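Engineer: File structure30.txt follows (compact mmCIF, C-alpha atoms):
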```
# COMPACT_ATOMS: atom_id res chain seq x y z
CA MET Z 23 -48.16 -74.92 -5.66
CA LYS Z 24 -48.50 -77.26 -8.60
CA ILE Z 25 -48.64 -75.96 -12.15
CA ILE Z 26 -49.45 -78.29 -14.99
CA ILE Z 27 -48.63 -77.29 -18.54
CA VAL Z 28 -50.16 -79.03 -21.53
CA GLY Z 29 -47.74 -78.86 -24.45
CA ASN Z 30 -43.97 -78.43 -24.76
CA GLY Z 31 -43.84 -76.08 -27.71
CA LEU Z 32 -42.69 -72.51 -27.38
CA ALA Z 33 -45.60 -71.30 -25.24
CA GLY Z 34 -45.45 -74.18 -22.76
CA THR Z 35 -41.68 -74.12 -22.48
CA MET Z 36 -41.34 -70.37 -22.15
CA ALA Z 37 -44.12 -70.26 -19.58
CA ALA Z 38 -42.27 -72.90 -17.55
CA LYS Z 39 -39.01 -71.01 -17.91
CA THR Z 40 -40.60 -67.74 -16.80
CA LEU Z 41 -42.42 -69.39 -13.92
CA ARG Z 42 -39.14 -70.78 -12.70
CA GLU Z 43 -37.45 -67.39 -13.01
CA LEU Z 44 -40.19 -65.81 -10.93
CA ASP Z 45 -40.71 -68.59 -8.41
CA ARG Z 46 -38.00 -71.01 -7.33
CA ARG Z 47 -40.39 -73.33 -5.52
CA ALA Z 48 -43.47 -73.88 -7.65
CA GLU Z 49 -43.88 -77.43 -8.86
CA ILE Z 50 -43.95 -77.38 -12.66
CA GLU Z 51 -44.87 -80.35 -14.81
CA ILE Z 52 -45.12 -80.31 -18.60
CA PHE Z 53 -47.03 -82.95 -20.54
CA ALA Z 54 -45.94 -83.37 -24.13
CA GLU Z 55 -47.44 -85.33 -26.95
CA GLU Z 56 -44.19 -85.31 -28.92
CA GLN Z 57 -41.34 -87.59 -27.93
CA VAL Z 58 -38.66 -84.92 -27.97
CA ILE Z 59 -37.69 -81.95 -25.83
CA TYR Z 60 -38.54 -78.42 -26.96
CA TYR Z 61 -37.22 -77.27 -30.29
CA PRO Z 62 -38.12 -74.01 -32.05
CA ARG Z 63 -40.17 -74.85 -35.12
CA PRO Z 64 -38.21 -72.58 -37.49
CA ASN Z 65 -35.30 -74.95 -36.89
CA LEU Z 66 -37.24 -77.65 -38.74
CA ILE Z 67 -36.68 -75.79 -41.98
CA GLU Z 68 -32.95 -75.34 -41.46
CA PHE Z 69 -32.72 -78.97 -40.45
CA MET Z 70 -34.58 -80.00 -43.59
CA ALA Z 71 -32.34 -77.80 -45.71
CA GLY Z 72 -29.30 -79.52 -44.24
CA ASN Z 73 -28.02 -76.36 -42.56
CA LEU Z 74 -28.59 -77.47 -39.00
CA PRO Z 75 -27.44 -80.79 -37.58
CA PHE Z 76 -30.00 -82.80 -35.60
CA GLU Z 77 -28.32 -82.23 -32.24
CA ARG Z 78 -28.56 -78.48 -32.68
CA MET Z 79 -32.32 -78.54 -33.24
CA PHE Z 80 -32.99 -78.15 -29.56
CA ALA Z 81 -33.01 -74.89 -27.66
CA PHE Z 82 -31.89 -76.22 -24.30
CA PRO Z 83 -29.86 -79.29 -23.46
CA GLY Z 84 -31.76 -82.20 -21.92
CA VAL Z 85 -30.29 -81.48 -18.49
CA TRP Z 86 -31.82 -78.03 -18.49
CA TYR Z 87 -35.12 -79.48 -17.33
CA SER Z 88 -33.65 -81.16 -14.29
CA GLN Z 89 -31.47 -78.16 -13.50
CA GLU Z 90 -34.55 -75.97 -13.54
CA GLN Z 91 -36.60 -78.59 -11.73
CA ILE Z 92 -39.14 -78.74 -14.48
CA GLN Z 93 -40.74 -82.16 -14.86
CA LEU Z 94 -41.15 -83.10 -18.49
CA ARG Z 95 -43.32 -86.04 -19.49
CA LEU Z 96 -42.63 -86.83 -23.13
CA GLY Z 97 -45.03 -88.85 -25.22
CA THR Z 98 -47.67 -88.33 -22.55
CA PRO Z 99 -50.52 -86.23 -23.86
CA VAL Z 100 -53.21 -84.98 -21.53
CA LYS Z 101 -56.35 -86.88 -22.48
CA LYS Z 102 -58.90 -85.04 -20.45
CA ILE Z 103 -59.37 -81.93 -18.36
CA VAL Z 104 -61.69 -81.95 -15.35
CA PRO Z 105 -62.06 -78.31 -14.33
CA ASP Z 106 -64.45 -78.97 -11.45
CA SER Z 107 -61.96 -81.03 -9.50
CA GLN Z 108 -58.89 -79.25 -10.92
CA GLU Z 109 -57.52 -82.39 -12.48
CA VAL Z 110 -56.10 -83.63 -15.74
CA GLU Z 111 -56.17 -87.20 -16.92
CA ILE Z 112 -53.27 -88.86 -18.73
CA GLU Z 113 -52.71 -92.40 -19.98
CA ASN Z 114 -54.28 -95.31 -18.08
CA GLY Z 115 -56.85 -93.00 -16.56
CA GLN Z 116 -54.29 -91.59 -14.13
CA ARG Z 117 -55.38 -88.23 -12.72
CA LEU Z 118 -53.27 -85.37 -11.42
CA THR Z 119 -54.36 -82.30 -9.51
CA TYR Z 120 -53.24 -78.79 -10.38
CA ASP Z 121 -53.38 -75.42 -8.73
CA PHE Z 122 -53.00 -73.81 -12.12
CA LEU Z 123 -53.31 -75.28 -15.58
CA LEU Z 124 -51.84 -73.84 -18.76
CA LEU Z 125 -53.22 -75.01 -22.06
CA ALA Z 126 -50.40 -74.61 -24.52
CA ASN Z 127 -51.13 -77.56 -26.75
CA GLY Z 128 -50.85 -75.47 -29.87
CA ALA Z 129 -52.08 -76.26 -33.32
CA SER Z 130 -51.82 -78.94 -35.96
CA ALA Z 131 -51.16 -78.74 -39.66
CA PHE Z 132 -54.37 -78.35 -41.60
CA LEU Z 133 -54.97 -80.86 -44.34
CA PRO Z 134 -57.76 -79.57 -46.57
CA PRO Z 135 -60.27 -82.14 -47.79
CA ILE Z 136 -58.59 -82.78 -51.14
CA LYS Z 137 -59.53 -86.01 -52.83
CA GLY Z 138 -56.63 -88.45 -52.53
CA ALA Z 139 -54.92 -86.64 -49.66
CA ASP Z 140 -54.61 -89.96 -47.83
CA LYS Z 141 -52.23 -91.35 -50.46
CA LYS Z 142 -48.72 -92.32 -49.62
CA GLY Z 143 -46.29 -89.50 -50.25
CA VAL Z 144 -48.57 -86.69 -49.07
CA PHE Z 145 -47.19 -84.86 -46.05
CA THR Z 146 -47.64 -81.87 -43.83
CA LEU Z 147 -44.83 -80.30 -41.81
CA ARG Z 148 -45.38 -79.37 -38.21
CA THR Z 149 -43.28 -81.64 -36.04
CA LEU Z 150 -39.82 -83.10 -35.97
CA SER Z 151 -41.14 -86.50 -36.89
CA ASP Z 152 -42.87 -84.94 -39.94
CA ALA Z 153 -39.51 -83.50 -41.00
CA LEU Z 154 -37.76 -86.84 -40.58
CA ASN Z 155 -40.46 -88.65 -42.55
CA ILE Z 156 -40.28 -86.09 -45.34
CA LEU Z 157 -36.50 -86.27 -45.64
CA ASP Z 158 -36.62 -90.03 -45.67
CA TYR Z 159 -39.27 -90.16 -48.39
CA MET Z 160 -37.59 -87.46 -50.46
CA LYS Z 161 -34.46 -89.57 -50.93
CA SER Z 162 -36.27 -91.85 -53.35
CA HIS Z 163 -38.99 -89.39 -54.47
CA PRO Z 164 -37.22 -86.26 -55.69
CA ARG Z 165 -40.04 -84.51 -57.56
CA LEU Z 166 -41.87 -82.45 -54.95
CA VAL Z 167 -44.93 -80.28 -55.21
CA VAL Z 168 -45.62 -77.86 -52.36
CA ILE Z 169 -49.28 -77.04 -52.05
CA GLY Z 170 -49.45 -73.53 -50.60
CA GLY Z 171 -47.39 -70.44 -51.40
CA GLY Z 172 -47.46 -68.90 -47.94
CA LEU Z 173 -44.52 -68.50 -45.60
CA LEU Z 174 -44.20 -72.13 -44.64
CA GLY Z 175 -44.74 -73.37 -48.19
CA LEU Z 176 -41.95 -71.18 -49.55
CA GLU Z 177 -39.61 -72.12 -46.72
CA ILE Z 178 -40.26 -75.79 -47.40
CA ALA Z 179 -39.62 -75.24 -51.10
CA ARG Z 180 -36.30 -73.58 -50.34
CA ALA Z 181 -35.25 -76.34 -47.94
CA ALA Z 182 -36.20 -79.13 -50.34
CA LYS Z 183 -34.40 -77.40 -53.18
CA ALA Z 184 -31.28 -77.20 -51.01
CA ARG Z 185 -31.55 -80.97 -50.58
CA GLY Z 186 -31.55 -81.39 -54.33
CA ALA Z 187 -35.26 -81.94 -54.91
CA ASP Z 188 -37.06 -80.72 -58.00
CA VAL Z 189 -39.65 -78.31 -56.59
CA GLU Z 190 -42.85 -76.67 -57.76
CA VAL Z 191 -45.03 -74.46 -55.56
CA VAL Z 192 -48.73 -74.21 -56.30
CA GLU Z 193 -50.87 -71.48 -54.80
CA PHE Z 194 -54.58 -70.82 -54.84
CA PHE Z 195 -54.18 -67.05 -54.54
CA PRO Z 196 -53.09 -65.01 -57.58
CA TYR Z 197 -49.84 -64.13 -55.78
CA LEU Z 198 -47.35 -65.53 -53.27
CA LEU Z 199 -47.37 -64.76 -49.54
CA PRO Z 200 -50.90 -63.37 -49.69
CA ARG Z 201 -50.90 -62.56 -45.98
CA GLN Z 202 -47.64 -60.66 -45.97
CA LEU Z 203 -47.38 -59.09 -49.42
CA ASP Z 204 -49.33 -57.29 -52.07
CA PRO Z 205 -49.32 -58.33 -55.74
CA GLN Z 206 -46.50 -55.98 -56.68
CA GLY Z 207 -44.15 -57.15 -53.94
CA ALA Z 208 -45.10 -60.75 -54.56
CA ALA Z 209 -44.18 -60.46 -58.24
CA LEU Z 210 -40.68 -59.41 -57.24
CA LEU Z 211 -40.46 -62.34 -54.85
CA ARG Z 212 -41.62 -64.73 -57.54
CA THR Z 213 -38.82 -63.62 -59.85
CA GLU Z 214 -36.27 -64.30 -57.13
CA ILE Z 215 -37.76 -67.70 -56.35
CA GLU Z 216 -37.72 -68.74 -59.98
CA LYS Z 217 -34.08 -67.69 -60.20
CA CYS Z 218 -33.38 -70.37 -57.60
CA GLY Z 219 -34.89 -72.96 -59.90
CA ILE Z 220 -38.19 -73.35 -58.03
CA ARG Z 221 -41.25 -73.31 -60.28
CA VAL Z 222 -44.33 -71.35 -59.26
CA ARG Z 223 -47.91 -71.88 -60.38
CA LEU Z 224 -50.52 -69.39 -59.17
CA ASN Z 225 -54.31 -69.22 -59.26
CA VAL Z 226 -54.79 -72.96 -59.09
CA THR Z 227 -56.97 -75.06 -56.84
CA THR Z 228 -55.92 -78.63 -56.27
CA ASP Z 229 -58.84 -80.83 -57.16
CA GLU Z 230 -57.35 -84.25 -56.74
CA ILE Z 231 -54.16 -85.98 -55.74
CA LEU Z 232 -53.54 -88.56 -58.45
CA GLY Z 233 -52.11 -92.04 -58.15
CA SER Z 234 -53.29 -95.42 -56.97
CA ASP Z 235 -51.54 -96.08 -53.69
CA GLU Z 236 -48.76 -93.52 -53.94
CA ILE Z 237 -49.11 -89.99 -55.26
CA ARG Z 238 -48.27 -89.57 -58.95
CA GLY Z 239 -49.27 -85.97 -59.36
CA LEU Z 240 -52.02 -83.40 -59.01
CA ARG Z 241 -55.02 -82.39 -61.01
CA PHE Z 242 -56.28 -78.84 -60.68
CA LYS Z 243 -59.83 -77.56 -60.99
CA ASN Z 244 -58.96 -75.98 -64.33
CA GLY Z 245 -58.11 -79.44 -65.69
CA GLU Z 246 -54.33 -79.00 -65.74
CA GLU Z 247 -52.20 -81.78 -64.38
CA LEU Z 248 -48.76 -81.91 -62.85
CA SER Z 249 -46.64 -84.95 -62.08
CA ALA Z 250 -44.93 -85.34 -58.74
CA ASP Z 251 -43.53 -88.09 -56.50
CA MET Z 252 -44.50 -86.40 -53.30
CA ALA Z 253 -46.53 -83.47 -52.00
CA ILE Z 254 -46.22 -81.33 -48.91
CA VAL Z 255 -49.38 -79.49 -48.02
CA ALA Z 256 -48.75 -76.13 -46.37
CA ALA Z 257 -52.27 -74.84 -45.90
CA GLY Z 258 -51.93 -73.33 -42.47
CA VAL Z 259 -52.68 -74.73 -39.05
CA ARG Z 260 -55.72 -75.28 -36.86
CA PRO Z 261 -55.77 -74.95 -33.06
CA ASN Z 262 -55.94 -78.20 -31.10
CA VAL Z 263 -59.20 -77.77 -29.28
CA GLY Z 264 -60.43 -81.35 -28.77
CA ILE Z 265 -59.85 -81.89 -25.05
CA VAL Z 266 -60.56 -78.24 -24.32
CA LYS Z 267 -63.99 -78.42 -25.88
CA GLU Z 268 -64.81 -81.67 -24.13
CA ALA Z 269 -64.00 -80.04 -20.81
CA GLY Z 270 -66.66 -77.42 -21.48
CA LEU Z 271 -64.34 -74.49 -22.01
CA ALA Z 272 -65.26 -71.77 -24.49
CA VAL Z 273 -63.95 -72.66 -27.93
CA ASP Z 274 -64.54 -70.87 -31.19
CA ARG Z 275 -61.85 -71.32 -33.84
CA GLY Z 276 -59.37 -71.51 -30.99
CA VAL Z 277 -59.51 -71.61 -27.21
CA VAL Z 278 -61.21 -68.37 -26.23
CA VAL Z 279 -59.32 -66.27 -23.68
CA ASN Z 280 -59.87 -62.88 -22.07
CA GLU Z 281 -57.29 -60.07 -21.75
CA PHE Z 282 -55.62 -61.88 -18.84
CA LEU Z 283 -55.42 -65.03 -20.98
CA GLU Z 284 -57.88 -66.76 -18.67
CA THR Z 285 -60.19 -69.32 -20.22
CA GLY Z 286 -63.29 -68.62 -18.16
CA LYS Z 287 -62.83 -71.72 -16.00
CA PRO Z 288 -61.05 -70.92 -12.74
CA ARG Z 289 -57.30 -71.47 -12.66
CA ILE Z 290 -57.06 -72.43 -16.30
CA TYR Z 291 -55.05 -70.20 -18.63
CA ALA Z 292 -54.19 -70.67 -22.27
CA ALA Z 293 -51.37 -69.36 -24.47
CA GLY Z 294 -49.79 -69.95 -27.86
CA ASP Z 295 -50.93 -71.03 -31.29
CA GLY Z 296 -54.14 -72.57 -29.97
CA ILE Z 297 -55.75 -69.49 -28.50
CA GLN Z 298 -58.19 -66.96 -29.79
CA HIS Z 299 -57.89 -63.50 -28.29
CA ASN Z 300 -60.24 -60.72 -29.38
CA GLY Z 301 -61.35 -62.85 -32.30
CA ARG Z 302 -57.79 -63.36 -33.43
CA ILE Z 303 -55.55 -66.39 -33.73
CA TYR Z 304 -51.92 -65.36 -34.04
CA GLY Z 305 -49.84 -68.44 -34.66
CA ILE Z 306 -46.58 -66.50 -34.61
CA ILE Z 307 -43.61 -66.82 -32.28
CA PRO Z 308 -43.52 -63.30 -30.83
CA ALA Z 309 -47.19 -63.55 -29.86
CA SER Z 310 -46.79 -66.96 -28.21
CA PHE Z 311 -43.75 -65.73 -26.38
CA GLU Z 312 -45.49 -62.66 -25.02
CA GLN Z 313 -48.50 -64.71 -23.97
CA ALA Z 314 -46.38 -67.32 -22.21
CA ARG Z 315 -44.54 -64.70 -20.16
CA LEU Z 316 -47.76 -62.98 -19.29
CA VAL Z 317 -49.53 -66.15 -18.17
CA ALA Z 318 -46.59 -67.02 -15.93
CA ALA Z 319 -46.79 -63.62 -14.25
CA ASN Z 320 -50.56 -63.82 -13.87
CA MET Z 321 -50.47 -67.30 -12.35
CA LEU Z 322 -48.17 -65.87 -9.71
CA GLY Z 323 -50.62 -63.17 -8.75
CA GLN Z 324 -50.10 -60.35 -11.19
CA ARG Z 325 -52.89 -58.94 -13.36
CA LYS Z 326 -51.15 -58.22 -16.62
CA LYS Z 327 -53.25 -57.52 -19.67
CA TYR Z 328 -52.45 -58.91 -23.07
CA GLU Z 329 -52.78 -56.11 -25.62
CA GLY Z 330 -52.26 -58.24 -28.70
CA THR Z 331 -49.17 -58.54 -30.85
CA ILE Z 332 -48.62 -56.74 -34.14
CA PRO Z 333 -47.55 -59.34 -36.68
CA SER Z 334 -44.10 -58.61 -37.95
CA ASN Z 335 -42.13 -60.87 -40.18
CA THR Z 336 -38.66 -60.36 -41.46
CA LEU Z 337 -37.44 -63.33 -43.32
CA LYS Z 338 -35.04 -64.28 -45.95
CA VAL Z 339 -37.10 -66.03 -48.56
CA VAL Z 340 -34.61 -67.57 -50.97
CA GLY Z 341 -32.10 -64.91 -50.03
CA LEU Z 342 -34.47 -62.00 -50.52
CA LEU Z 343 -35.12 -60.08 -47.35
CA VAL Z 344 -38.83 -59.61 -46.85
CA THR Z 345 -40.33 -57.59 -44.03
CA SER Z 346 -44.05 -57.28 -43.53
CA VAL Z 347 -45.54 -55.40 -40.60
CA GLY Z 348 -49.13 -54.69 -39.64
CA LEU Z 349 -51.87 -54.25 -42.21
CA VAL Z 350 -50.37 -54.49 -45.68
CA ASN Z 351 -53.39 -55.17 -47.86
CA PRO Z 352 -56.23 -52.87 -46.83
CA GLU Z 353 -59.43 -54.08 -48.40
CA ALA Z 354 -61.77 -51.26 -47.50
CA GLY Z 355 -61.35 -47.61 -48.47
CA GLY Z 356 -59.97 -44.83 -46.31
CA PHE Z 357 -56.38 -45.99 -46.49
CA GLU Z 358 -53.48 -44.40 -48.29
CA GLU Z 359 -50.83 -46.61 -49.89
CA ILE Z 360 -47.48 -45.22 -51.02
CA ARG Z 361 -45.05 -47.38 -52.98
CA ARG Z 362 -41.54 -47.32 -54.32
CA GLU Z 363 -39.98 -49.97 -56.48
CA ASN Z 364 -36.50 -50.43 -57.89
CA LYS Z 365 -36.77 -53.49 -60.08
CA GLU Z 366 -33.08 -53.71 -61.00
CA GLY Z 367 -32.03 -53.42 -57.38
CA GLY Z 368 -34.72 -55.90 -56.29
CA ILE Z 369 -36.15 -53.38 -53.86
CA TYR Z 370 -39.81 -52.77 -53.12
CA LYS Z 371 -41.26 -50.68 -50.33
CA LYS Z 372 -44.77 -49.76 -49.42
CA ILE Z 373 -46.43 -48.02 -46.52
CA VAL Z 374 -50.08 -48.02 -45.55
CA LEU Z 375 -51.49 -44.99 -43.77
CA GLN Z 376 -54.78 -44.18 -42.15
CA ASP Z 377 -55.23 -40.47 -41.46
CA GLY Z 378 -51.47 -40.05 -41.52
CA ILE Z 379 -50.92 -42.88 -39.06
CA LEU Z 380 -48.63 -45.64 -40.18
CA ILE Z 381 -50.46 -48.96 -39.86
CA GLY Z 382 -48.58 -51.26 -42.19
CA ALA Z 383 -45.48 -51.65 -44.31
CA ILE Z 384 -43.73 -53.96 -46.74
CA TRP Z 385 -39.96 -53.68 -47.06
CA MET Z 386 -38.22 -55.93 -49.54
CA GLY Z 387 -34.69 -56.34 -50.76
CA THR Z 388 -33.03 -53.97 -48.32
CA LYS Z 389 -31.96 -53.97 -44.70
CA ASN Z 390 -31.87 -50.19 -44.56
CA GLY Z 391 -34.69 -48.92 -42.41
CA VAL Z 392 -36.13 -52.35 -41.54
CA ASN Z 393 -35.95 -51.76 -37.81
CA GLY Z 394 -37.02 -48.15 -38.12
CA ILE Z 395 -40.10 -48.96 -40.16
CA SER Z 396 -41.06 -51.93 -37.98
CA ARG Z 397 -40.86 -49.79 -34.88
CA ALA Z 398 -42.82 -46.95 -36.49
CA VAL Z 399 -45.66 -49.31 -37.45
CA THR Z 400 -45.69 -51.02 -34.07
CA GLN Z 401 -45.95 -47.63 -32.36
CA LYS Z 402 -48.58 -46.42 -34.86
CA LEU Z 403 -46.71 -43.17 -35.47
CA ASN Z 404 -48.19 -40.28 -37.38
CA VAL Z 405 -45.90 -39.84 -40.39
CA GLU Z 406 -48.00 -37.48 -42.50
CA ARG Z 407 -45.11 -34.97 -42.72
CA TRP Z 408 -42.60 -37.54 -43.88
CA LYS Z 409 -44.76 -39.82 -45.95
CA GLN Z 410 -42.92 -39.17 -49.19
CA SER Z 411 -39.35 -39.13 -47.88
CA LEU Z 412 -39.94 -42.17 -45.66
CA LEU Z 413 -39.40 -44.46 -48.62
CA GLU Z 414 -36.03 -42.94 -49.54
CA ASP Z 415 -33.16 -45.32 -49.03
CA ASP Z 416 -31.33 -42.99 -46.65
CA PHE Z 417 -34.31 -41.85 -44.58
CA ASP Z 418 -33.29 -41.21 -41.00
CA PHE Z 419 -35.88 -42.92 -38.79
CA SER Z 420 -34.45 -41.35 -35.67
CA ILE Z 421 -36.26 -38.07 -36.51
CA LEU Z 422 -39.66 -39.71 -36.12
CA MET N 25 -20.15 -53.41 -32.38
CA GLU N 26 -23.45 -54.13 -34.04
CA LYS N 27 -26.65 -55.44 -32.55
CA TRP N 28 -28.29 -58.49 -34.09
CA GLU N 29 -31.96 -59.39 -34.05
CA CYS N 30 -33.60 -62.81 -33.94
CA THR N 31 -35.90 -63.08 -36.95
CA ALA N 32 -37.98 -65.73 -35.22
CA CYS N 33 -38.86 -63.92 -32.00
CA GLY N 34 -37.43 -60.41 -32.10
CA TYR N 35 -34.82 -60.84 -29.36
CA VAL N 36 -31.97 -58.38 -29.79
CA TYR N 37 -28.41 -59.46 -29.09
CA ASP N 38 -26.48 -56.48 -27.79
CA PRO N 39 -22.72 -57.10 -27.64
CA ALA N 40 -22.39 -54.51 -24.89
CA VAL N 41 -24.61 -56.67 -22.69
CA GLY N 42 -23.61 -60.13 -23.98
CA ASP N 43 -25.57 -63.10 -22.69
CA PRO N 44 -24.05 -63.62 -19.23
CA GLU N 45 -26.69 -66.19 -18.22
CA ASN N 46 -25.35 -68.45 -20.92
CA GLY N 47 -21.71 -67.75 -20.36
CA VAL N 48 -21.24 -64.95 -22.87
CA PRO N 49 -19.50 -61.96 -21.26
CA PRO N 50 -20.35 -58.37 -22.16
CA GLY N 51 -18.26 -57.09 -25.03
CA THR N 52 -18.62 -60.26 -27.14
CA ALA N 53 -19.29 -59.49 -30.79
CA PHE N 54 -22.07 -61.51 -32.42
CA GLU N 55 -19.51 -63.00 -34.81
CA ASP N 56 -17.53 -64.30 -31.84
CA LEU N 57 -20.43 -66.15 -30.22
CA PRO N 58 -19.90 -69.91 -30.18
CA GLU N 59 -21.46 -71.70 -33.16
CA ASP N 60 -23.85 -73.60 -30.90
CA TRP N 61 -25.11 -70.45 -29.19
CA VAL N 62 -28.90 -70.14 -29.48
CA CYS N 63 -31.36 -67.31 -29.03
CA PRO N 64 -31.90 -67.09 -25.26
CA GLN N 65 -35.51 -66.19 -25.88
CA CYS N 66 -36.81 -68.76 -28.35
CA GLY N 67 -33.86 -71.06 -28.93
CA VAL N 68 -33.24 -70.78 -32.67
CA GLY N 69 -29.64 -70.86 -33.90
CA LYS N 70 -27.36 -68.04 -35.04
CA GLU N 71 -28.44 -68.41 -38.66
CA PHE N 72 -31.81 -66.87 -37.78
CA PHE N 73 -30.18 -63.64 -36.67
CA GLN N 74 -29.64 -60.63 -38.80
CA LYS N 75 -27.65 -57.52 -38.29
CA MET N 76 -29.74 -54.55 -37.28
CA SER N 77 -29.66 -51.43 -39.35
CA ALA N 78 -30.20 -47.93 -38.04
```
Any chance you could put this one into structure tokens?
Structural biologist:
Amino acid sequence: MKIIIVGNGLAGTMAAKTLRELDRRAEIEIFAEEQVIYYPRPNLIEFMAGNLPFERMFAFPGVWYSQEQIQLRLGTPVKKIVPDSQEVEIENGQRLTYDFLLLANGASAFLPPIKGADKKGVFTLRTLSDALNILDYMKSHPRLVVIGGGLLGLEIARAAKARGADVEVVEFFPYLLPRQLDPQGAALLRTEIEKCGIRVRLNVTTDEILGSDEIRGLRFKNGEELSADMAIVAAGVRPNVGIVKEAGLAVDRGVVVNEFLETGKPRIYAAGDGIQHNGRIYGIIPASFEQARLVAANMLGQRKKYEGTIPSNTLKVVGLLVTSVGLVNPEAGGFEEIRRENKEGGIYKKIVLQDGILIGAIWMGTKNGVNGISRAVTQKLNVERWKQSLLEDDFDFSIL
Amino acid sequence: MEKWECTACGYVYDPAVGDPENGVPPGTAFEDLPEDWVCPQCGVGKEFFQKMSA
């Protein structure tokens, strides 16, 4: 049996690893656009910050692939999929036949149509070569503006600051981490970020990137200007759907899959940042991981259903521990939000309930109860009885 | 000994279990893992781990 995997990011690599664990004999071949073996993307930030040496970027040593008998073709993107004959086409029109195909070609950094975004010194960060280019440019261009105050934007800001850059973050939303936080929690985060010497500007839309050939700064819609030597745009990612669409597979914002992660064309599965499941695009590691494992099992004859993944993020943003699980910013009515803040201690907690059922939480500035609250949200527990005491620092989650 | 969780993927390192597949015997504290040890699930380094609380 021959399994072809498009993409050597987390989904492609973990699917290959799982396939090999489950089946010693299957022929597995991965086609990668990038020139380097698998590395976890979070490592890019630590590498940029100078905390992780280059050789430790990679999850498995190069020999792992041959030990596991996984063929890896670097710098060899799949150009075309031909579902009818179960083939993929690579460079020089060469075609290869598969028994199963996994589309795990992920997503690319999104560069919004800002005027002047093609100027020298404007970057996005998604791949190792992006990180190398950024570090190289930053040596002689130390004034950085990060466009986007989401997770990646803040991580980039922290990393660049650690490298000695002068950093300002600009965000279109009125508060930072709009997906993970609410305004109150974000205000606390902002204070911590500013303490690190990173400037923050909210509520601004970048209208134009200024400069002739190289970037000199930004102009916002409100007329304000800012000078900068370089910009990193962190405006999210978009699934890579080009070859998938051309092959006639169902594509909406991402590659559409059913609960078995099948694409609708026989023997073609999809997993990772590029897929759309139940209208949703995840773009987070735990989701990609779960999908990759599930696809591997299903290719080998099982019928496992993907139930979705509840987004959960615990991260240290500039040293402040931030956990965000489930729905944290309900927009419609019918939800109950309970908060507790200790400004001096840098602690903020909030839970979101629907009919007593815990559906979301923000936990900042404390480790106490992080695992308990994450588990309770993931399991959608009814916490009506404990909803006031739940936010106490010494709440015992084992009673839930 | 305390369990540690990978902040990137959610993998839990349990010292009682170790990571035998990668040469770490049961009973190895997280602090005693080699510096180049990586998350067996997603491959990030030790710096992405945090100690689990109750």
Engineer: If we count only C-alpha atoms and set the cut-off at 10 Å, which residues sit around stretch 69-71 of chain N, ignoring sequence neighbours fewer than 4 positions away in its own chain? Please answer as an MDAnalysis selection string.
Structural biologist: (chainID Z and resid 62 64:65 68 73:74 78:81) or (chainID N and resid 28:32 54:55 57:64)
Engineer: Restrict the distance test to all atoms listed in the file, flag each residue of chain Z within 8 Å of chain N, and return the flagged residues as a list of chain:residue names.
Structural biologist: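 So the contacting residues turn out to be Z:Leu32, Z:Met36, Z:Tyr61, Z:Pro62, Z:Pro64, Z:Asn65, Z:Arg78, Z:Met79, Z:Phe80, Z:Ala81, Z:Phe82, Z:Ile307, Z:Pro308, Z:Phe311, Z:Asn335, Z:Thr336, Z:Leu337, Z:Lys389, Z:Asn390, Z:Gly391, Z:Val392, Z:Asn393, Z:Gly394, Z:Asp418, Z:Phe419.
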Engineer: Record the distance separating atom CA of Z:Gly264 and atom CA of Z:Arg201, expressed in Å with one decimal.
Structural biologist: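 Answer for the atom CA of Z:Gly264 to atom CA of Z:Arg201 separation: 27.2 Å.
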Engineer: At a cut-off of 8 Å, using all atoms listed in the file, what residues contact Z:Val278? Leave out same-chain residues fewer than 2 positions from it and give the result as an MDAnalysis selection string.
Structural biologist: chainID Z and resid 272:274 276 280 285 297:299
Engineer: Considering all atoms listed in the file, return as an MDAnalysis selection string whatever protein or nucleic-acid residues lie within 7 Å of stretch 40-45 of chain Z, sequence-local ones (same chain, fewer than 3 positions apart) excluded.
Structural biologist: chainID Z and resid 36:37 48 90 315 318
Engineer: Leaving out N:Met25 and any residue of its chain fewer than 3 positions from it, which residues lie within 8 Å of it when counting only C-alpha atoms, given as a PDB file with C-alpha atoms, in the coordinates of the input?
Structural biologist:
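Output (out.pdb):
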```pdb
ATOM      1  CA  PRO N  39     -22.720 -57.100 -27.640  1.00  0.00           C
ATOM      2  CA  ALA N  40     -22.390 -54.510 -24.890  1.00  0.00           C
ATOM      3  CA  ALA N  53     -19.290 -59.490 -30.790  1.00  0.00           C
TER       4      ALA N  53
END
```
Engineer: Calculate how many Å separate atom CA of Z:Ile237 from atom CA of Z:Lys141, rounding to one decimal.
Structural biologist: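 Taking atom CA of Z:Ile237 as the start and atom CA of Z:Lys141 as the end point, the length is 5.9 Å.
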Engineer: Quick one: distance from atom CA of Z:Gly29 to atom CA of Z:Tyr87 in Å, one decimal?
Structural biologist: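 Computing it gives 14.5 Å between the two atoms.
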Engineer: Measuring between all atoms listed in the file, which one of Z:Met321, Z:Ile169, Z:Met252, Z:Val347 shows the shortest distance to Z:Asp188?
Structural biologist: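 Closest candidate: Z:Met252.
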Engineer: From the list Z:Ala314, Z:Arg221, Z:Ser130, Z:Gln108, which residue is nearest Z:Lys39 when using all atoms listed in the file?
Structural biologist: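 Answer, going by the shortest atom-to-atom distance: Z:Ala314.
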Engineer: Could you give me, as a ChimeraX atom specification, the residues within 8 Å of stretch 364-378 of chain Z, counting only C-alpha atoms and dropping anything in the same chain fewer than 2 positions from it?
Structural biologist: /Z:207,210,349-350,352,356-362,380-388,404-406,413
